[in-house]
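Source file: final.csv (CSV, C-alpha atoms)
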```csv
chain,number,residue,atom,x,y,z
A,1,MET,CA,151.7,124.1,-132.9
A,2,LYS,CA,153.1,121.5,-135.3
A,3,PRO,CA,156.3,119.7,-134.4
A,4,LEU,CA,159.5,121.1,-136.1
A,5,ARG,CA,161.5,119.0,-138.5
A,6,LYS,CA,165.0,118.6,-137.0
A,7,ARG,CA,168.2,117.2,-138.4
A,8,ASP,CA,171.2,115.5,-136.9
A,9,PHE,CA,173.7,118.1,-135.6
A,10,PRO,CA,177.3,117.7,-134.4
A,11,VAL,CA,177.1,117.0,-130.6
A,12,GLU,CA,180.4,118.9,-130.0
A,13,GLN,CA,178.6,122.1,-131.2
A,14,ALA,CA,175.7,121.9,-128.8
A,15,ARG,CA,177.1,125.0,-127.2
A,16,ARG,CA,175.7,127.1,-130.0
A,17,PHE,CA,172.3,126.6,-128.4
A,18,LEU,CA,173.0,125.8,-124.8
A,19,GLU,CA,175.8,128.2,-123.8
A,20,PRO,CA,173.8,131.4,-124.2
A,21,GLY,CA,171.8,130.2,-121.2
A,22,PRO,CA,168.2,129.6,-122.4
A,23,ILE,CA,165.4,128.1,-120.4
A,24,VAL,CA,165.1,124.5,-121.5
A,25,LEU,CA,162.6,121.7,-121.2
A,26,VAL,CA,164.1,118.5,-119.8
A,27,SER,CA,162.3,115.3,-120.7
A,28,THR,CA,162.7,112.1,-118.8
A,29,ALA,CA,161.3,108.6,-118.9
A,30,TRP,CA,161.6,105.6,-116.5
A,31,ARG,CA,159.6,102.5,-115.7
A,32,GLY,CA,156.6,103.5,-117.7
A,33,GLN,CA,156.5,107.1,-116.5
A,34,ARG,CA,157.6,110.2,-118.4
A,35,ASN,CA,157.9,113.8,-117.5
A,36,LEU,CA,158.9,117.2,-118.6
A,37,MET,CA,160.3,120.1,-116.5
A,38,THR,CA,161.2,123.7,-117.1
A,39,MET,CA,164.8,124.4,-116.2
A,40,GLY,CA,167.3,127.3,-116.2
A,41,TRP,CA,170.1,126.0,-114.2
A,42,HIS,CA,172.6,124.4,-116.6
A,43,MET,CA,176.0,125.0,-118.0
A,44,VAL,CA,178.3,123.6,-120.7
A,45,MET,CA,181.3,121.7,-119.3
A,46,GLY,CA,183.1,120.4,-122.3
A,47,PHE,CA,183.1,119.8,-126.1
A,48,SER,CA,184.5,116.3,-126.6
A,49,PRO,CA,182.9,114.5,-124.9
A,50,SER,CA,180.1,117.1,-125.1
A,51,LEU,CA,179.2,117.7,-121.5
A,52,VAL,CA,176.5,119.7,-119.8
A,53,ALA,CA,175.8,120.1,-116.1
A,54,THR,CA,172.3,120.5,-114.7
A,55,TYR,CA,170.9,121.2,-111.2
A,56,LEU,CA,167.7,119.3,-110.7
A,57,TRP,CA,166.0,119.8,-107.3
A,58,ASN,CA,165.6,116.5,-105.6
A,59,GLU,CA,161.9,117.4,-104.8
A,60,ASN,CA,161.1,117.6,-108.4
A,61,HIS,CA,159.3,114.6,-109.9
A,62,SER,CA,161.9,114.6,-112.7
A,63,PHE,CA,164.8,114.0,-110.3
A,64,GLY,CA,163.8,110.4,-109.7
A,65,LEU,CA,163.3,109.7,-113.3
A,66,ALA,CA,166.6,111.2,-114.3
A,67,ARG,CA,168.5,109.4,-111.6
A,68,GLY,CA,166.8,106.1,-112.1
A,69,SER,CA,167.2,106.0,-115.9
A,70,GLY,CA,170.5,107.9,-116.1
A,71,GLU,CA,169.1,109.6,-119.2
A,72,CYS,CA,167.3,112.8,-120.3
A,73,VAL,CA,166.7,115.0,-123.3
A,74,ILE,CA,167.4,118.7,-123.0
A,75,ASN,CA,165.1,120.7,-125.4
A,76,VAL,CA,165.4,124.3,-126.3
A,77,PRO,CA,162.0,126.0,-126.8
A,78,GLY,CA,161.4,129.3,-128.7
A,79,VAL,CA,159.5,132.2,-127.3
A,80,GLU,CA,156.4,131.1,-129.1
A,81,LEU,CA,156.2,128.4,-126.4
A,82,LEU,CA,156.7,130.8,-123.4
A,83,ASP,CA,153.2,130.4,-121.9
A,84,THR,CA,153.6,126.6,-122.1
A,85,VAL,CA,157.1,126.8,-120.6
A,86,VAL,CA,155.7,128.7,-117.6
A,87,ASP,CA,152.7,126.4,-117.2
A,88,ILE,CA,155.0,123.3,-117.3
A,89,GLY,CA,157.0,124.8,-114.5
A,90,ASN,CA,153.8,125.4,-112.5
A,91,CYS,CA,152.5,121.9,-112.3
A,92,SER,CA,153.9,118.5,-111.3
A,93,GLY,CA,154.4,115.3,-113.3
A,94,ARG,CA,153.0,113.5,-110.2
A,95,ASP,CA,149.6,114.8,-111.2
A,96,VAL,CA,149.5,115.1,-115.0
A,97,ASP,CA,151.1,113.9,-118.1
A,98,LYS,CA,152.6,117.1,-119.3
A,99,PHE,CA,152.9,116.1,-123.0
A,100,GLU,CA,149.2,115.4,-123.1
A,101,ARG,CA,148.2,118.4,-121.0
A,102,PHE,CA,150.1,120.8,-123.2
A,103,GLY,CA,149.6,119.2,-126.6
A,104,LEU,CA,153.3,118.5,-127.1
A,105,ASP,CA,154.6,115.7,-129.3
A,106,ALA,CA,156.8,113.1,-127.5
A,107,VAL,CA,159.0,112.1,-130.4
A,108,PRO,CA,161.1,108.9,-129.8
A,109,ALA,CA,164.8,109.6,-129.3
A,110,ARG,CA,167.4,107.5,-130.9
A,111,ASP,CA,169.8,106.6,-128.1
A,112,VAL,CA,167.8,107.2,-124.9
A,113,GLY,CA,164.4,106.3,-123.5
A,114,ALA,CA,163.3,109.9,-122.8
A,115,PRO,CA,161.4,111.6,-125.7
A,116,LEU,CA,162.3,114.7,-127.7
A,117,VAL,CA,159.8,117.6,-127.5
A,118,GLY,CA,158.7,117.9,-131.1
A,119,GLN,CA,157.8,121.6,-130.8
A,120,CYS,CA,161.2,122.6,-129.5
A,121,HIS,CA,163.9,124.0,-131.8
A,122,SER,CA,166.6,121.7,-130.7
A,123,SER,CA,166.9,118.5,-128.6
A,124,PHE,CA,169.9,117.0,-127.0
A,125,GLU,CA,169.9,113.3,-126.0
A,126,CYS,CA,171.9,112.9,-122.8
A,127,ARG,CA,173.4,110.1,-120.7
A,128,LEU,CA,174.6,110.5,-117.2
A,129,HIS,CA,178.4,111.0,-117.3
A,130,ASP,CA,179.1,111.7,-113.7
A,131,ASP,CA,176.7,111.1,-110.9
A,132,SER,CA,179.1,111.8,-108.0
A,133,GLN,CA,177.4,115.0,-107.1
A,134,VAL,CA,173.8,114.0,-107.5
A,135,GLU,CA,173.2,113.0,-103.9
A,136,SER,CA,175.2,115.8,-102.3
A,137,SER,CA,174.5,118.7,-104.6
A,138,ASN,CA,171.6,117.7,-107.0
A,139,LEU,CA,174.2,118.2,-109.8
A,140,PHE,CA,174.0,115.9,-112.8
A,141,ILE,CA,176.9,116.0,-115.4
A,142,TRP,CA,175.5,114.7,-118.7
A,143,GLU,CA,177.1,113.7,-121.9
A,144,ILE,CA,175.2,114.8,-125.0
A,145,VAL,CA,175.2,111.6,-127.2
A,146,ARG,CA,173.0,112.9,-130.0
A,147,ALA,CA,171.8,116.3,-131.2
A,148,HIS,CA,168.8,117.3,-133.2
A,149,VAL,CA,168.4,120.8,-134.5
A,150,ALA,CA,165.7,122.5,-136.7
A,151,PRO,CA,167.4,124.0,-139.8
A,152,ARG,CA,164.8,126.7,-139.9
A,153,PRO,CA,164.7,129.1,-138.1
A,154,LYS,CA,168.5,129.0,-138.0
A,155,LEU,CA,168.4,130.2,-134.4
A,156,PRO,CA,165.5,130.0,-132.0
A,157,ARG,CA,164.3,133.1,-130.2
A,158,SER,CA,165.1,131.6,-126.9
A,159,VAL,CA,163.9,132.8,-123.5
A,160,HIS,CA,166.2,133.4,-120.5
A,161,TYR,CA,164.9,133.5,-117.0
A,162,ARG,CA,165.6,136.4,-114.6
A,163,GLY,CA,163.5,135.2,-111.7
A,164,ASP,CA,160.3,136.9,-110.5
A,165,GLY,CA,158.3,135.8,-113.5
A,166,ARG,CA,160.4,137.8,-115.9
A,167,PHE,CA,162.2,136.6,-119.0
A,168,MET,CA,164.8,138.0,-121.4
A,169,VAL,CA,164.2,137.1,-125.1
A,170,SER,CA,167.3,136.5,-127.2
A,171,GLY,CA,168.3,139.4,-129.3
A,172,ALA,CA,170.6,140.0,-132.3
A,173,GLU,CA,173.6,137.9,-133.1
A,174,VAL,CA,176.9,139.7,-133.5
A,175,SER,CA,180.2,138.2,-134.7
A,176,ARG,CA,183.7,138.9,-133.5
A,177,ARG,CA,185.3,136.0,-135.3
A,178,ARG,CA,188.0,138.2,-136.8
A,179,ARG,CA,189.1,139.3,-133.4
A,180,PHE,CA,189.7,135.8,-132.1
A,181,LYS,CA,193.0,133.9,-132.3
A,182,PRO,CA,192.2,130.9,-134.6
A,183,ASP,CA,192.9,128.4,-131.8
A,184,MET,CA,190.5,130.2,-129.5
A,185,LEU,CA,187.5,129.6,-131.8
B,1,MET,CA,184.9,154.2,-120.5
B,2,LYS,CA,184.2,155.6,-117.0
B,3,PRO,CA,183.4,153.2,-114.2
B,4,LEU,CA,179.7,152.8,-113.3
B,5,ARG,CA,178.4,153.7,-109.9
B,6,LYS,CA,177.0,150.6,-108.3
B,7,ARG,CA,174.8,150.0,-105.3
B,8,ASP,CA,174.5,147.2,-102.8
B,9,PHE,CA,172.0,144.6,-104.1
B,10,PRO,CA,170.4,141.6,-102.3
B,11,VAL,CA,172.7,138.6,-102.9
B,12,GLU,CA,169.7,136.2,-103.1
B,13,GLN,CA,168.5,138.1,-106.2
B,14,ALA,CA,171.8,137.7,-108.1
B,15,ARG,CA,169.9,135.4,-110.5
B,16,ARG,CA,168.4,138.4,-112.1
B,17,PHE,CA,171.7,139.0,-113.8
B,18,LEU,CA,173.4,135.6,-113.9
B,19,GLU,CA,170.6,133.1,-114.7
B,20,PRO,CA,170.1,134.5,-118.2
B,21,GLY,CA,173.6,133.1,-119.0
B,22,PRO,CA,175.7,136.1,-119.9
B,23,ILE,CA,179.4,136.1,-120.6
B,24,VAL,CA,181.1,137.3,-117.4
B,25,LEU,CA,184.5,138.6,-116.4
B,26,VAL,CA,185.9,136.7,-113.4
B,27,SER,CA,188.5,138.6,-111.4
B,28,THR,CA,190.9,136.9,-109.0
B,29,ALA,CA,193.8,138.0,-106.8
B,30,TRP,CA,196.3,135.9,-104.8
B,31,ARG,CA,199.7,136.6,-103.4
B,32,GLY,CA,200.3,139.9,-105.2
B,33,GLN,CA,199.0,138.7,-108.5
B,34,ARG,CA,195.6,139.6,-110.0
B,35,ASN,CA,193.9,138.5,-113.1
B,36,LEU,CA,190.7,138.7,-115.2
B,37,MET,CA,189.2,136.1,-117.5
B,38,THR,CA,186.3,135.8,-119.8
B,39,MET,CA,183.9,133.0,-118.9
B,40,GLY,CA,180.6,131.6,-120.2
B,41,TRP,CA,180.4,128.4,-118.3
B,42,HIS,CA,178.5,129.1,-115.1
B,43,MET,CA,175.1,128.4,-113.5
B,44,VAL,CA,173.0,129.4,-110.5
B,45,MET,CA,172.7,126.6,-107.9
B,46,GLY,CA,170.7,128.2,-105.1
B,47,PHE,CA,169.3,131.4,-103.6
B,48,SER,CA,170.0,131.2,-99.8
B,49,PRO,CA,172.9,130.8,-99.6
B,50,SER,CA,173.3,132.4,-103.0
B,51,LEU,CA,175.3,129.8,-105.0
B,52,VAL,CA,176.8,129.8,-108.4
B,53,ALA,CA,178.9,127.1,-110.1
B,54,THR,CA,181.7,127.9,-112.6
B,55,TYR,CA,183.9,125.7,-114.7
B,56,LEU,CA,187.4,127.1,-114.8
B,57,TRP,CA,189.8,125.3,-117.0
B,58,ASN,CA,192.9,124.2,-115.0
B,59,GLU,CA,195.3,125.5,-117.7
B,60,ASN,CA,193.9,129.0,-117.3
B,61,HIS,CA,196.1,131.3,-115.2
B,62,SER,CA,193.0,132.3,-113.2
B,63,PHE,CA,192.5,128.7,-112.0
B,64,GLY,CA,195.4,128.8,-109.6
B,65,LEU,CA,194.5,132.2,-108.3
B,66,ALA,CA,190.9,131.1,-107.7
B,67,ARG,CA,191.9,127.9,-106.0
B,68,GLY,CA,194.6,129.5,-104.0
B,69,SER,CA,192.6,132.4,-102.6
B,70,GLY,CA,189.2,130.6,-102.5
B,71,GLU,CA,187.7,133.9,-103.8
B,72,CYS,CA,186.7,135.7,-107.0
B,73,VAL,CA,184.4,138.4,-108.3
B,74,ILE,CA,182.0,137.6,-111.1
B,75,ASN,CA,181.3,140.7,-113.2
B,76,VAL,CA,178.7,141.2,-115.9
B,77,PRO,CA,179.8,143.4,-118.8
B,78,GLY,CA,177.4,145.1,-121.2
B,79,VAL,CA,177.8,144.8,-125.0
B,80,GLU,CA,179.7,148.1,-125.1
B,81,LEU,CA,182.6,146.1,-123.6
B,82,LEU,CA,182.4,143.3,-126.2
B,83,ASP,CA,185.7,143.9,-127.9
B,84,THR,CA,187.4,144.1,-124.5
B,85,VAL,CA,185.7,140.9,-123.5
B,86,VAL,CA,187.0,139.1,-126.6
B,87,ASP,CA,190.5,140.5,-126.2
B,88,ILE,CA,190.6,139.5,-122.5
B,89,GLY,CA,189.8,135.9,-123.6
B,90,ASN,CA,192.6,136.0,-126.1
B,91,CYS,CA,195.6,136.8,-123.9
B,92,SER,CA,196.9,135.3,-120.7
B,93,GLY,CA,197.4,136.8,-117.3
B,94,ARG,CA,200.8,135.1,-117.3
B,95,ASP,CA,202.0,137.8,-119.8
B,96,VAL,CA,200.0,140.9,-119.0
B,97,ASP,CA,198.1,142.7,-116.3
B,98,LYS,CA,194.7,142.8,-118.0
B,99,PHE,CA,193.3,145.7,-115.9
B,100,GLU,CA,196.1,147.9,-117.2
B,101,ARG,CA,196.2,146.6,-120.7
B,102,PHE,CA,192.5,147.2,-121.2
B,103,GLY,CA,192.0,150.4,-119.1
B,104,LEU,CA,189.7,148.8,-116.6
B,105,ASP,CA,189.3,150.1,-113.1
B,106,ALA,CA,190.1,147.5,-110.4
B,107,VAL,CA,187.8,148.7,-107.6
B,108,PRO,CA,188.4,147.2,-104.2
B,109,ALA,CA,185.8,144.7,-103.1
B,110,ARG,CA,184.4,144.7,-99.6
B,111,ASP,CA,184.6,141.1,-98.5
B,112,VAL,CA,187.2,139.5,-100.8
B,113,GLY,CA,190.6,140.2,-102.1
B,114,ALA,CA,189.7,140.1,-105.8
B,115,PRO,CA,188.7,143.5,-107.3
B,116,LEU,CA,185.4,144.5,-108.9
B,117,VAL,CA,185.6,145.6,-112.6
B,118,GLY,CA,184.5,149.2,-112.4
B,119,GLN,CA,183.2,149.3,-116.0
B,120,CYS,CA,180.9,146.2,-115.6
B,121,HIS,CA,177.2,146.6,-114.8
B,122,SER,CA,177.2,144.2,-111.9
B,123,SER,CA,179.8,142.5,-109.7
B,124,PHE,CA,179.3,139.6,-107.3
B,125,GLU,CA,181.8,138.9,-104.6
B,126,CYS,CA,182.3,135.2,-104.2
B,127,ARG,CA,183.8,132.8,-101.7
B,128,LEU,CA,184.5,129.2,-102.4
B,129,HIS,CA,181.6,127.2,-100.9
B,130,ASP,CA,182.4,123.7,-102.2
B,131,ASP,CA,185.8,122.7,-103.6
B,132,SER,CA,185.1,118.9,-103.8
B,133,GLN,CA,184.9,119.0,-107.6
B,134,VAL,CA,187.7,121.4,-108.3
B,135,GLU,CA,190.4,118.8,-108.9
B,136,SER,CA,188.3,116.2,-110.6
B,137,SER,CA,186.1,118.4,-112.8
B,138,ASN,CA,187.4,122.0,-112.7
B,139,LEU,CA,184.1,122.8,-111.0
B,140,PHE,CA,184.0,125.6,-108.4
B,141,ILE,CA,180.8,126.1,-106.4
B,142,TRP,CA,180.8,129.7,-105.0
B,143,GLU,CA,178.7,131.5,-102.5
B,144,ILE,CA,177.9,135.1,-103.5
B,145,VAL,CA,178.6,137.1,-100.3
B,146,ARG,CA,178.0,140.6,-101.6
B,147,ALA,CA,176.4,142.0,-104.7
B,148,HIS,CA,176.9,145.4,-106.5
B,149,VAL,CA,174.6,146.5,-109.3
B,150,ALA,CA,174.4,149.7,-111.3
B,151,PRO,CA,171.0,151.3,-110.9
B,152,ARG,CA,171.2,152.7,-114.4
B,153,PRO,CA,170.7,151.1,-116.9
B,154,LYS,CA,168.3,149.0,-115.0
B,155,LEU,CA,169.4,145.9,-117.0
B,156,PRO,CA,172.7,145.6,-118.9
B,157,ARG,CA,172.7,144.7,-122.6
B,158,SER,CA,174.5,141.5,-121.8
B,159,VAL,CA,176.3,139.3,-124.3
B,160,HIS,CA,175.9,135.5,-124.5
B,161,TYR,CA,178.4,133.3,-126.3
B,162,ARG,CA,177.5,130.8,-129.0
B,163,GLY,CA,181.0,129.6,-129.8
B,164,ASP,CA,182.8,130.2,-133.1
B,165,GLY,CA,183.3,133.9,-132.3
B,166,ARG,CA,179.6,134.7,-132.3
B,167,PHE,CA,177.5,136.3,-129.6
B,168,MET,CA,173.9,136.8,-128.9
B,169,VAL,CA,173.0,140.2,-127.4
B,170,SER,CA,170.2,140.2,-124.8
B,171,GLY,CA,166.8,141.3,-126.1
B,172,ALA,CA,163.6,142.5,-124.7
B,173,GLU,CA,162.2,141.7,-121.3
B,174,VAL,CA,158.8,140.1,-121.1
B,175,SER,CA,156.9,139.3,-117.9
B,176,ARG,CA,154.7,136.3,-117.2
B,177,ARG,CA,154.3,137.1,-113.5
B,178,ARG,CA,150.6,136.7,-113.6
B,179,ARG,CA,150.9,133.2,-114.9
B,180,PHE,CA,153.0,132.0,-112.0
B,181,LYS,CA,151.7,130.4,-108.9
B,182,PRO,CA,152.8,132.9,-106.2
B,183,ASP,CA,155.0,130.3,-104.5
B,184,MET,CA,156.9,129.7,-107.7
B,185,LEU,CA,158.1,133.3,-108.0
```
Before anything else, please render the file you have as structure tokens.
Amino acid sequence: MKPLRKRDFPVEQARRFLEPGPIVLVSTAWRGQRNLMTMGWHMVMGFSPSLVATYLWNENHSFGLARGSGECVINVPGVELLDTVVDIGNCSGRDVDKFERFGLDAVPARDVGAPLVGQCHSSFECRLHDDSQVESSNLFIWEIVRAHVAPRPKLPRSVHYRGDGRFMVSGAEVSRRRRFKPDML
Amino acid sequence: MKPLRKRDFPVEQARRFLEPGPIVLVSTAWRGQRNLMTMGWHMVMGFSPSLVATYLWNENHSFGLARGSGECVINVPGVELLDTVVDIGNCSGRDVDKFERFGLDAVPARDVGAPLVGQCHSSFECRLHDDSQVESSNLFIWEIVRAHVAPRPKLPRSVHYRGDGRFMVSGAEVSRRRRFKPDML
């Protein structure tokens, strides 16, 4: 699969892609090593600064790279990458370079050392904002410092994990804008 | 809408319903007050104990009830409740009793003081597991102590917020069980 062309996107609107709760691919790089992990445990925590929390298990190879560098890129894959997403979650970066193994383009980021995944629909460059819960709870709170989003398709068909090997694929979009108070939008 | 009949469900499998990232209704009760809020900022953090983190803004009426009681119920609504979900997010529990206003059944929980929302597909009774980030980051880490899930429909058509008044409705389920190493399931 060819990499998607992405454009700069407002970081404070990263929720458009992350808040629905998709499985993401987290890329990291530190001291000549790089890695990629499949992750479903994340949540938006703010708009400005644009914050997102992730739980990274401390036995994952990516944990050390994320903590050491204080950086990562959170990438949102579409369903066309589902088999790759599963396979990335089923091997360790200790043994293989996952970009090479799975034919993914490691596109240089602008502000962090970790690469973007070229084949993903959107990529969010992150710097560690709060590390106070990393040791105790494996909880990283990141600031999204730059966002890259493919203009087409407008929205990815994202995949959402249910456990037990089962995924939900994103469905239709519906708007209730008219029902919101303007200051709640 | 009539309340759904729910059954006990294994707490360590709460991820089936929460990890895909749906909008949830959080119910709280404390000192004779009760409330209900619409929330999208949550993530699974563990299976056993069954942990989930939520960001509750400290200006929300529910923040005080959650912190004071150390309890809540996280309820997953289906798309048939979407207008109600939006309206709940657009008014404050300081002014109205949202169960009465929106015709929702407050069903007594088993282990916590906050009520289940009868019309929601699943309801997870929670006790505060870690309050160390409540003051600094509005982050509550909850243990799910009891789970109630409607057997029909097997899965809810959940709604997932994108910001700007727009929602994604959950789509088809796909399995990749055969692709997983057994110990990764």
**Study point:** Contacts of Arg101 in chain A at 10 Å (only C-alpha atoms; same-chain gap of 2+ positions) as a list in words
**Key:** Thr84, Asp87, Ile88, Val96, Asp97, Lys98, Phe99, Gly103 and Leu104 of chain A
Practice item. Pick out the closest residue to chain B from this set: A:Ser69, A:Ser62, A:Thr54, A:Ser48. Count all atoms listed in the file. Key: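 Nearest to chain B: A:Thr54.
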Practice item. Enumerate as a PyMOL selection string the residues belonging to chain B that approach chain A to within 7 Å, with only C-alpha atoms taken into account. Key: chain B and resi 15-17+19-22+40-45+55+86+90+160-177+180-181+185
Revision key, fill the gap. For Asn60 in chain B, the closest of B:Cys72, B:Ser92, B:Met39, B:Val26 counting only C-alpha atoms is B:Ser92
Exercise for review: Work out how far CA of Ala66 in chain A is from CA of Glu143 in chain A, in Å to one decimal.
Suggested key: 13.2 Å
Check your understanding: Which one is closest to Phe124 in chain A: A:Ser136, A:Asn35, A:Thr28, A:Asn58? Count all atoms listed in the file.
Key ->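 Of A:Ser136, A:Asn35, A:Thr28, A:Asn58, the one nearest Phe124 in chain A is A:Thr28, counting all atoms listed in the file.
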**Study point:** Computed interatomic separation between CA of His121 in chain A and CA of Glu12 in chain A (Å)
**Key:**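 Distance reported for this atom pair: 17.4 Å.
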Study note, to complete from the structure: Students should find that CA of Pro49 in chain A and CA of Cys126 in chain A are spaced 11.3 Å
Exercise for review: May I ask which of the residues B:Gly64, B:Met1, B:Ser122, B:His129 is the closest one to Pro151 in chain B, counting only C-alpha atoms?
Suggested key: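 Of the candidates, the smallest distance to Pro151 in chain B is held by B:Ser122.
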Practice item. Give as a PyMOL selection string every residue, naming chains and numbers as the document does, that has an atom within 9 Å of (184.2, 146.6, -115.6), counting only C-alpha atoms. Key: chain B and resi 3-4+25+75-78+81+104-106+116-123
